[in-house]
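Structure first, then comments.
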Amino acid sequence: MVEKVRVRATLNGEPVDFLVAPYESLLDTLRDELGLTGTKEGCNDGNCGACTVNLDGRIVDSCCVLGAEIDGSTVETIEGMAEPGKLHPLQQAFLEEAALQCGICTPGFLISAKALLDVEPHPSEDRIRFWLAGNLCRCTGYDKIVKAVQKAADSA
Amino acid sequence: MTTETTKGKYNVIGTRPIRHDGYDKVTGRAIYGADIKLPGLLQGAVLRSPYAHARIKSIDTSAAKAMAGVYSVITNADFPGVHDTLVDLGEGAINFRYASNNVMAGEKVLYKGHPVAAVAALDKNTALEAAALIKVDYEVLKPVSTVMEALKPGAPIVLEDLEGQDLGEKIDGQTNQANHIRHEFGDVDKGFAEADIVIEREFDTAMVHQGYIEPHNATATWDEEDRITIWTSTQGSFPTRRQTAGILRVPDSSVKVIPLEIGGGFGGKIPSYLEPVAAILSRETGRPVKLLMERTSVFESTGPTPGTWMSAKVGVKNDGTIMAATADLRFDAGAYPGSPVGAGMMCVFSCYDIPNTRIDGYDVVVNKPKTAAYRAPGATQAAYAMETVIDEICEKLGMDPLEFRIKNAAKEGTRRADGPIHPIIGAIETHEAARASDHWNTPLEKNGPDGKLRGRGIASGYWFNIGLKSAVTISVNEDGTVALTEGSTDIGGSRASISMMAAEVLGIPAEDVRPHVADTEGIGYTDVTGGSRTTYATGYAAHDAAQDVVVQLRERAARLWDVEVDEIEFANGSYQSYADPELRLSHKELASKLGSTGGPVVGSASVDPEGAGGAYSTQICDIEIDPETGKTDVIRYTIVQDVGTAIHPAYVEGQMQGAVAQGIGWALNEEYFLNDDGAMVNSSFLDYRMPTSLDLPAIETIIVEVPNPGHPFGVRGVGEVPIVPPVATIANAIHDALGIRLRTTPMNAGSILSALAAKK
Amino acid sequence: MHPFEYVRATSVDEAIAALAKHGERARPLAGGTDALVMARAGRWELDALVDIKHMPETNILELGSSEFRLGSAVACYRVYEDEQVAAKFPGLVDSASIIGGIQIQSRAGLGGNLCNASPSGDGIGALIVHNTTCIIAGPNGTREVAAEDFCTGPGRSVIQDGEFLVEMKMPMPQNDFGAAYERFTPRNEMDIAVAGVASSVQLDGTTIVSARVALAAVGPTPILSSAGDLLAGKEATAENISAAAQAASADASPISDMRGTAEQRIHLVGVLTRRTLERAVERARENN
């Protein structure tokens with residue numbers, strides 16, 4: 001019987017302290033242990049980006065990280081993107097540009113796009129498409145997603 | 001921006017409000033099927049066949065049952081036996097016996113991934129580990145994987161008791177041919193004899209998957225009164241209820257389906273795979289049970305679209321008039337009958353007015369997962385055949401492909417090859433808009449950088465669109481906002497469009513509508529979100545329910561002013577008396593007086609409209625091919641489509657763009673790659689290659705509006721027709737670039753290299 | 001998936017002890033983008049994953065006067081975001097920037113790519129053509145293995161129970177050295193090589209003093225091709241490069257599978273060898 005391990009980390013700006021099975025992914029940890037279901041499972045093998053979170057300043061596929069690995073780290077998920085009562089400009093742009101249809105890939109795209117704009121405030125369309133290629137969308141054909149990112153960049 | 005025809009005509013329709021569920025979806029608050037949590041929830045896992053075709057000799061669940069943390073292990077023995085009953089689900093009928101066997105295999109497994117057992121346990125990993133301990137003794141049989149192999153004498157028989165049909169006659173003995181039907185009109189032999197040019201070609205297309213990002217899910221409880229509650233991501237709560245109840249042999253009313261948000265469907269989330277399994281696990285354990293599909297199982301065990309063998313033959317006169325056309329469409333149904341070959345037959349020639357036609361369609365079972373609807377099911381395949389033959393004909397004639405299409409276009413009064421007469425349709429308008437487009441009028445430089453070669457392709461498509469049943473209720477709040485209850489699960493922003501139509505009638509802003517997608521006990525029967533019917537039929541119901549509200553509000557105004565109701569006029573969102581214009585209240589003002597005039601006002605409507613309008617799309621693409629590697633990049637794409645009336649243009653554009661992206665993936669890379677044992681080997685997002693953002697250009701949309709007289713706002717379904725042309729469009733572009741015609745999908749780099757080598 | 005323990009090692013010795021304790025039922029964990037997928041798919045049955053990211057030795061990224069030291073846990077993004085490393089080793093950047101996508105590159109590194117020993121590993125060829133030496137630590141001390149000898153079969157390497165890759169080191173490029181990697185994939189990103197070629201050349205004037213060509217996805221392991229030796233002492237002409245490309249094609253022994261046919265791969269090796277040699281020569285000429 002494998003024992004749970006204790007993890008202490010910073011999650012969306014707040015300290016968390018929890019037990020998790022050592023073999024559980026960060027994705028499952030967020031969704032099942034910590035009650036944050038905004039991060040989604042699409043493939044569980046690092047090929048679709050629906051589970052993207054920001055770990056210590058880098059976007060990662062949380063299905064390929066263990067929950068136990070974030071001990072001492074900082075994690076940001078979609079639930080931490082908006083301020084109370086105020087959307088992040090990317091979230092607002094996604095709504096205005098209709099950059100979501102079913103919305104299942106949207107949290108992953110928002111986390112990825114935010115990481116891009118945080119380091120490159122005015123990326124070219126090519127650069128946006130390259131950066132977001134690790135996030136699959138099957139509904140939109142990406143056109144409005146790219147336009148939403150450009151809109152958010154332009155409004156900054 | 002709104003299109004010309006709607007400008008000035010409507011207040012709300014044609015605008016682009018933020019969708020009502022948008023805030024929840026961009027913040028991660030929205031609850032999708034996998035997100036639901038219940039007290040005492042157990043997690044399930046399904047054991048699936050590793051073989052494409054085998055007899056199950058025995059199943060030993062003892063080791064799994066004995067594992068700590070396991071609460072139940074079930075097999076087909078725990079399911080009630082079901083009889084053959086055919087029920088229409090809106091996009092294809094199902095046979096309950098086959099559906100039940102598909103959900104949990106009986107004597108045979110018919111495809112790799114076919115479920116054979118299921119486990120409920122304390123956590124997901126325990127359930128998976130327990131499933132791995134179940135011992136199944138298989139007698140492996142030879143599988144058959146393609147239509148043409150399955151039709152050969154001596155082919156392995158998939159369904160031993162299948163009663164095959166051929167043109168209305170029962171086939172003697174065992175067969176894999178479920179059905180062969182034919183539509184015939186005029187005299188094709190005479191037509192071909194009178195033609196100056198006749199071209200006949202054969203095609204092979206691979207099975208492909210809808211590729212939605214959210215895997216299937218179902219959570220179920222079975223209580224002490226034998227009432228079953230299901231939480232699921234579904235394209236239709238009522239069809240899910242019917243399938244689940246039918247497979248479990250309980251009355252429909254014993255099953256309540258609560259639809260959660262859904263992460264894509266495209267037709268693939270109409271069939272029930274997990275709901276009955278979760279329900280039986282709950283019955284056995286007395287606890288709620290959740291089942292989530294792994295991505296591998298989504299590919300191997302749900303409902304892709306058929307692979308096909310097809311032939312198409314078209315004869316034209318030198319002036320471009322089509323004289324005759326025949327098509328032979330052979331679709332693999334997967335393990336059980338019911339491919340969408342019929343729908344393909346309805347669409348294959350429907351862009352054109354052809355006096356002499358014959359279409360044969362074959363529904364053939366093979367050892368692959370049972371096919372389901374995939375966005376205009378069957379039409380993409382059919383268009384690949386027809387539109388590339390047309391392209392060859394235009395080339396031989398030296399005729400502009402758009403002029404050819406306009407000349408031969410189907411229009412109001414044209415007889416569709418399967419019989420119905422077209423009502424008002426927009427084929428010609430769509431072609432004309434393509435002809436006027438910037439893309440079509442921008443010459444393409446054939447030589448790209450670094451030795452790459454460029455080409456341009458054009459193709460068209462048709463989808464008939466359906467109506468079917470929807471119900472809506474609208475309840476007026478005292479502040480003038482309205483609560484709108486409907487049953488169409490929202491996969492693409494439909495809540496917004498439906499709300500906008502109600503708002504248009506009521507004369508209020510779209511933001512004043514609070515839409516709610518109800519469960520099967522909260523709204524009247526509503527058919528699937530699919531078939532391009534939601535904006536059309538549920539919108540129709542919203543329109544009618546809003547009109548019912550208006551009727552009641554007029555009565556309230558009359559009561560308030562103590563006048564006859566005939567005296568009350570409703571216009572521009574206000575209620576006033578003809579006789580005394582001083583007597584006038586806005587909707588909002590009248591709403592505040594409901595409490596004192598009789599209480600709440602609730603309008604409702606239930607519809608089954610028959611005037612769904614067919615839609616056309618014409619698409620243009622430019623591609624660039626590296627002849628050294630065979631790699632194709634799409635560098636420009638324009639989609640033109642007749643939508644009737646664009647209720648929310650952004651979501652209309654989104655449907656057009658998303659379907660094109662799927663079509664591009666279908667054309668260039670997607671396929672079910674089977675090994676020699678008939679098993680799919682590329683069941684992951686790594687090797688089932690859907691386009692990424694770096695694989696696509698911006699997708700330009702041109703909305704054409706030829707309003708459908710069969711809808712109060714002129715709506716035509718928009719979701720499906722855009723996926724019909726892309727595969728053909730790209731095939732034609734490849735020919736323009738390289739001078740080769742590919743008639744097998746996917747038209748990937750390897751096949752392009754082979755074709756180039758063969759050409760030398 | 002068989003439940004496993006997570007051990008965070010903070011020193012080389014601690015990692016060795018944890019790995020040795022479980023033998024073949026323990027594996028080192030770096031980026032995790034292959035390891036967790038393999039464990040979940042049941043390809044490995046493990047009792048422990050030993051995290052080797054939390055020690056200085058595996059995180060080293062150091063340009064020395066004669067050697068470049070690259071820790072086994074260094075993620076791809078650190079290679080291409082470090083301006084000096086990127087300027088000196090564009091051939092490594094070619095690989096590091098196309099493994100998966102941005103999310104993968106945040107975690108996956110060339111070390112893990114090497115240890116995963118996939119025949120189509122995008123980083124392995126680049127390491128080979130940079131004359132990389134792999135430093136492995138284990139219960140019997142450390143040992144060194146040339147990158148071209150590291151992989152022994154699909155998914156198999158020289159790493160024994162209790163051992164792990166600590167560091168990779170390669171000579172600092174001299175003047176007139178250039179390297180490049182290119183692969184063919186059906187999609188523009190998030191894909192796996194149907195065929196890939198890494199090339200490096202050391203020029204002296206217009207003569208190729210030495211060259212290396214390594215092939216990916218066309219054999220059970222990455223292949224150090226004879227094409228490199230063929231070019232030694234020859235002029236960097238189109239004709240000689242073309243001959244080298246043909247030699248590389250002849251060295252390829254691919255299978256046909258869902259990603260491509262053998263014929264296609266052999267053809268691609270020729271094309272990619274030519275292109276990467278041209279690019280390596282171009283970079284060598286810029287690098288003086």
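By order of appearance in the structure tokens: chains A, B, ..., then residues from 1 within every chain, and ligands from 1 in the order shown.
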
Next item on the list: Tell me which protein, DNA and RNA residues are within 10 Å of C:Glu189, counting only C-alpha atoms, leaving out same-chain ones fewer than 3 positions away, and put them as a list in words.
Entry: Phe130, Trp131, Leu132, Ala133 and Gly134 of chain A; Pro691, Thr692, Ser693, Leu694 and Asp695 of chain B; Ser97, Ile98, Ile99, Gly100, Gly101, Ile102, Thr185, Pro186 and Ile192 of chain C

Only N, CA and C atoms, please: the residues just picked out, written as a PDB file, in the first residue's frame.
```
ATOM      1  N   PHE A 130       2.439  29.504 -33.430  1.00  0.00           N
ATOM      2  CA  PHE A 130       3.488  28.588 -32.981  1.00  0.00           C
ATOM      3  C   PHE A 130       3.341  28.300 -31.489  1.00  0.00           C
ATOM      4  N   TRP A 131       3.165  29.356 -30.712  1.00  0.00           N
ATOM      5  CA  TRP A 131       3.073  29.209 -29.251  1.00  0.00           C
ATOM      6  C   TRP A 131       1.873  28.371 -28.853  1.00  0.00           C
ATOM      7  N   LEU A 132       0.760  28.528 -29.565  1.00  0.00           N
ATOM      8  CA  LEU A 132      -0.481  27.848 -29.186  1.00  0.00           C
ATOM      9  C   LEU A 132      -0.637  26.472 -29.826  1.00  0.00           C
ATOM     10  N   ALA A 133       0.357  26.033 -30.588  1.00  0.00           N
ATOM     11  CA  ALA A 133       0.195  24.764 -31.302  1.00  0.00           C
ATOM     12  C   ALA A 133       0.114  23.572 -30.359  1.00  0.00           C
ATOM     13  N   GLY A 134       0.473  23.760 -29.101  1.00  0.00           N
ATOM     14  CA  GLY A 134       0.334  22.661 -28.140  1.00  0.00           C
ATOM     15  C   GLY A 134      -1.053  22.589 -27.530  1.00  0.00           C
TER      16      GLY A 134
ATOM     17  N   PRO B 691      -5.382  19.036 -37.143  1.00  0.00           N
ATOM     18  CA  PRO B 691      -4.577  20.252 -37.342  1.00  0.00           C
ATOM     19  C   PRO B 691      -4.393  21.051 -36.052  1.00  0.00           C
ATOM     20  N   THR B 692      -3.179  21.582 -35.875  1.00  0.00           N
ATOM     21  CA  THR B 692      -2.914  22.523 -34.799  1.00  0.00           C
ATOM     22  C   THR B 692      -3.041  23.937 -35.355  1.00  0.00           C
ATOM     23  N   SER B 693      -2.902  24.933 -34.476  1.00  0.00           N
ATOM     24  CA  SER B 693      -3.010  26.317 -34.931  1.00  0.00           C
ATOM     25  C   SER B 693      -1.925  26.657 -35.939  1.00  0.00           C
ATOM     26  N   LEU B 694      -0.830  25.919 -35.897  1.00  0.00           N
ATOM     27  CA  LEU B 694       0.259  26.202 -36.836  1.00  0.00           C
ATOM     28  C   LEU B 694       0.032  25.525 -38.185  1.00  0.00           C
ATOM     29  N   ASP B 695      -0.978  24.686 -38.282  1.00  0.00           N
ATOM     30  CA  ASP B 695      -1.235  23.961 -39.530  1.00  0.00           C
ATOM     31  C   ASP B 695      -2.309  24.615 -40.386  1.00  0.00           C
TER      32      ASP B 695
ATOM     33  N   SER C  97      13.676  23.097 -29.937  1.00  0.00           N
ATOM     34  CA  SER C  97      12.491  23.918 -30.191  1.00  0.00           C
ATOM     35  C   SER C  97      11.394  23.187 -30.947  1.00  0.00           C
ATOM     36  N   ILE C  98      11.626  21.922 -31.329  1.00  0.00           N
ATOM     37  CA  ILE C  98      10.543  21.201 -32.005  1.00  0.00           C
ATOM     38  C   ILE C  98      10.122  19.924 -31.312  1.00  0.00           C
ATOM     39  N   ILE C  99      10.682  19.636 -30.161  1.00  0.00           N
ATOM     40  CA  ILE C  99      10.181  18.481 -29.404  1.00  0.00           C
ATOM     41  C   ILE C  99       8.836  18.892 -28.829  1.00  0.00           C
ATOM     42  N   GLY C 100       7.742  18.250 -29.255  1.00  0.00           N
ATOM     43  CA  GLY C 100       6.420  18.594 -28.736  1.00  0.00           C
ATOM     44  C   GLY C 100       6.053  20.030 -29.046  1.00  0.00           C
ATOM     45  N   GLY C 101       5.559  20.725 -28.049  1.00  0.00           N
ATOM     46  CA  GLY C 101       5.217  22.129 -28.203  1.00  0.00           C
ATOM     47  C   GLY C 101       5.737  22.855 -26.981  1.00  0.00           C
ATOM     48  N   ILE C 102       5.259  24.074 -26.773  1.00  0.00           N
ATOM     49  CA  ILE C 102       5.793  24.893 -25.677  1.00  0.00           C
ATOM     50  C   ILE C 102       5.624  24.194 -24.322  1.00  0.00           C
ATOM     51  N   THR C 185       7.727  15.965 -40.533  1.00  0.00           N
ATOM     52  CA  THR C 185       6.521  15.583 -39.792  1.00  0.00           C
ATOM     53  C   THR C 185       5.303  16.010 -40.594  1.00  0.00           C
ATOM     54  N   PRO C 186       4.212  15.246 -40.501  1.00  0.00           N
ATOM     55  CA  PRO C 186       3.000  15.614 -41.242  1.00  0.00           C
ATOM     56  C   PRO C 186       2.373  16.921 -40.760  1.00  0.00           C
ATOM     57  N   ILE C 192       5.867  13.732 -34.338  1.00  0.00           N
ATOM     58  CA  ILE C 192       7.004  12.843 -34.140  1.00  0.00           C
ATOM     59  C   ILE C 192       7.625  12.593 -35.502  1.00  0.00           C
TER      60      ILE C 192
END
```

Report as JSON lines: every residue of chain C with an atom at most 9 Å from chain B, its closest pair of atoms, and their distance in Å to one decimal, counting only C-alpha atoms, with rows sorted by chain and ascending residue number.
```
{"residue": "C:Met1", "atom": "CA", "partner": "B:Glu129", "partner_atom": "CA", "distance": 6.3}
{"residue": "C:His2", "atom": "CA", "partner": "B:Glu129", "partner_atom": "CA", "distance": 7.2}
{"residue": "C:Pro3", "atom": "CA", "partner": "B:Asn125", "partner_atom": "CA", "distance": 8.1}
{"residue": "C:Phe184", "atom": "CA", "partner": "B:Thr629", "partner_atom": "CA", "distance": 7.6}
{"residue": "C:Thr185", "atom": "CA", "partner": "B:Lys631", "partner_atom": "CA", "distance": 8.4}
{"residue": "C:Pro186", "atom": "CA", "partner": "B:Lys631", "partner_atom": "CA", "distance": 6.8}
{"residue": "C:Arg187", "atom": "CA", "partner": "B:Asp695", "partner_atom": "CA", "distance": 6.4}
{"residue": "C:Asn188", "atom": "CA", "partner": "B:Asp695", "partner_atom": "CA", "distance": 5.9}
{"residue": "C:Glu189", "atom": "CA", "partner": "B:Leu694", "partner_atom": "CA", "distance": 7.0}
{"residue": "C:Met190", "atom": "CA", "partner": "B:Leu686", "partner_atom": "CA", "distance": 7.3}
{"residue": "C:Asp191", "atom": "CA", "partner": "B:Leu686", "partner_atom": "CA", "distance": 6.3}
{"residue": "C:Ile192", "atom": "CA", "partner": "B:Leu686", "partner_atom": "CA", "distance": 7.6}
{"residue": "C:Asp257", "atom": "CA", "partner": "B:Asn675", "partner_atom": "CA", "distance": 8.9}
{"residue": "C:Met258", "atom": "CA", "partner": "B:Phe673", "partner_atom": "CA", "distance": 6.4}
{"residue": "C:Arg259", "atom": "CA", "partner": "B:Asp687", "partner_atom": "CA", "distance": 7.5}
{"residue": "C:Gly260", "atom": "CA", "partner": "B:Gly750", "partner_atom": "CA", "distance": 6.7}
{"residue": "C:Thr261", "atom": "CA", "partner": "B:Gly750", "partner_atom": "CA", "distance": 7.4}
{"residue": "C:Gln264", "atom": "CA", "partner": "B:Gly750", "partner_atom": "CA", "distance": 6.2}
{"residue": "C:His267", "atom": "CA", "partner": "B:Thr629", "partner_atom": "CA", "distance": 8.3}
{"residue": "C:Leu268", "atom": "CA", "partner": "B:Thr629", "partner_atom": "CA", "distance": 6.5}
{"residue": "C:Val271", "atom": "CA", "partner": "B:Glu628", "partner_atom": "CA", "distance": 6.9}
```

Margin query: as number ranges by chain, please: the residues near stretch 315-330 of chain B (cut-off 7 Å, only C-alpha atoms, same-chain neighbours under 2 positions excluded).
Written below: B: 147, 188, 191-192, 195-199, 308-313, 332, 341, 354-363, 397, 404, 408

Note to self: Distance cut-off 6 Å, counting only C-alpha atoms - which residues of chain C neighbour chain A? Return them as a PyMOL selection string.
What the structure shows: chain C and resi 4-6+32-33+36-37+101+103

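The gap separating atom CA of B:His587 from atom CA of B:Gly480 is 6.4 Å, in Å to one decimal.
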
Next item on the list: Using DSSP on the backbone coordinates, identify all residues within chain A classified as helix (DSSP H, G or I); present the result as a ChimeraX atom specification.
Entry: /A:26-33,62-64,67-70,78-80,89-96,106-119,125-134,143-155

Next item on the list: Could you give me the residues within stretch 19-177 of chain C that DSSP places in strand (DSSP E or B), as a PyMOL selection string?
Entry: chain C and resi 26-29+48-51+61-63+67-71+75+109+133-138+141-146+151-153+156-157+164-171+177

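Residues lying within 6 Å of C:Lys234, counting only C-alpha atoms and ignoring same-chain neighbours fewer than 3 positions away, are Thr207, Ile208 and Leu231 of chain C.
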
Checklist line | Distance-based interface of chain A with chain B, 9 Å, counting only C-alpha atoms, as a PyMOL selection string | finding: chain A and resi 24+31-32+36-48+50+77-82+87+91-92+94-107+110+126+128-144+146

Expected file: the selected residues, C-alpha atoms, as a short mmCIF file (atom, residue, chain, number, x, y, z; two decimals), in the first residue's frame:
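Heads up, here's the output in selection24.cif:
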```cif
data_model
loop_
_atom_site.label_atom_id
_atom_site.label_comp_id
_atom_site.auth_asym_id
_atom_site.auth_seq_id
_atom_site.Cartn_x
_atom_site.Cartn_y
_atom_site.Cartn_z
CA GLU A 24 -1.44 10.86 -9.17
CA ARG A 31 -9.48 18.29 -10.22
CA ASP A 32 -10.05 15.62 -7.57
CA LEU A 36 -10.48 22.85 -9.22
CA THR A 37 -12.20 21.38 -12.24
CA GLY A 38 -11.48 24.25 -14.62
CA THR A 39 -8.39 22.41 -15.91
CA LYS A 40 -9.58 19.69 -18.27
CA GLU A 41 -8.50 16.23 -19.36
CA GLY A 42 -8.45 15.71 -23.11
CA CYS A 43 -5.95 12.95 -23.71
CA ASN A 44 -3.88 12.38 -20.57
CA ASP A 45 -0.69 11.95 -22.60
CA GLY A 46 0.62 15.42 -23.35
CA ASN A 47 -0.84 15.81 -26.83
CA CYS A 48 -3.73 18.24 -26.54
CA ALA A 50 -6.47 20.92 -22.40
CA THR A 77 -4.77 27.64 -13.05
CA ILE A 78 -7.70 29.15 -14.94
CA GLU A 79 -9.48 29.73 -11.66
CA GLY A 80 -6.82 32.27 -10.73
CA MET A 81 -6.79 34.20 -13.98
CA ALA A 82 -9.53 36.73 -13.32
CA LEU A 87 -11.86 39.35 -16.21
CA GLN A 91 -10.82 36.31 -21.11
CA GLN A 92 -12.73 39.40 -22.17
CA PHE A 94 -12.23 35.54 -26.01
CA LEU A 95 -15.83 36.44 -25.19
CA GLU A 96 -15.98 39.44 -27.50
CA GLU A 97 -14.36 37.62 -30.41
CA ALA A 98 -16.43 34.44 -29.92
CA ALA A 99 -13.19 32.50 -29.58
CA LEU A 100 -14.90 29.55 -27.93
CA GLN A 101 -17.65 27.21 -29.07
CA CYS A 102 -17.81 24.21 -26.77
CA GLY A 103 -15.30 25.81 -24.40
CA ILE A 104 -13.51 22.66 -23.25
CA CYS A 105 -10.15 23.78 -24.64
CA THR A 106 -10.63 27.38 -23.51
CA PRO A 107 -8.99 27.22 -20.06
CA LEU A 110 -6.16 31.13 -21.90
CA ASP A 126 2.89 33.36 -36.74
CA ILE A 128 0.88 33.21 -31.70
CA ARG A 129 0.13 30.16 -33.83
CA PHE A 130 3.49 28.59 -32.98
CA TRP A 131 3.07 29.21 -29.25
CA LEU A 132 -0.48 27.85 -29.19
CA ALA A 133 0.19 24.76 -31.30
CA GLY A 134 0.33 22.66 -28.14
CA ASN A 135 -3.34 23.41 -27.51
CA LEU A 136 -5.77 21.54 -29.74
CA CYS A 137 -9.17 22.96 -30.61
CA ARG A 138 -11.63 21.02 -32.72
CA CYS A 139 -14.47 23.52 -32.83
CA THR A 140 -13.10 26.87 -33.95
CA GLY A 141 -10.38 26.24 -36.50
CA TYR A 142 -8.30 28.61 -34.32
CA ASP A 143 -9.14 31.71 -36.38
CA LYS A 144 -11.08 33.54 -33.67
CA VAL A 146 -5.80 33.98 -32.74
#
```

Next item on the list: Fewer than 5 positions away in the same chain doesn't count, so skip those; otherwise give me all residues within 8 Å of B:Leu756, counting only C-alpha atoms, as a list of chain:residue names.
Entry: B:Pro627, B:Leu738, B:Ile740

Notebook entry, point to check: What does the distance from atom CA of B:Ala383 to atom CA of B:Val348 come to in Å, to one decimal?
Noted result: 5.8 Å

Notebook entry, point to check: So what do you get for atom CA of B:Leu444 versus atom CA of A:Ile145, distance-wise?
Noted result: 27.3 Å
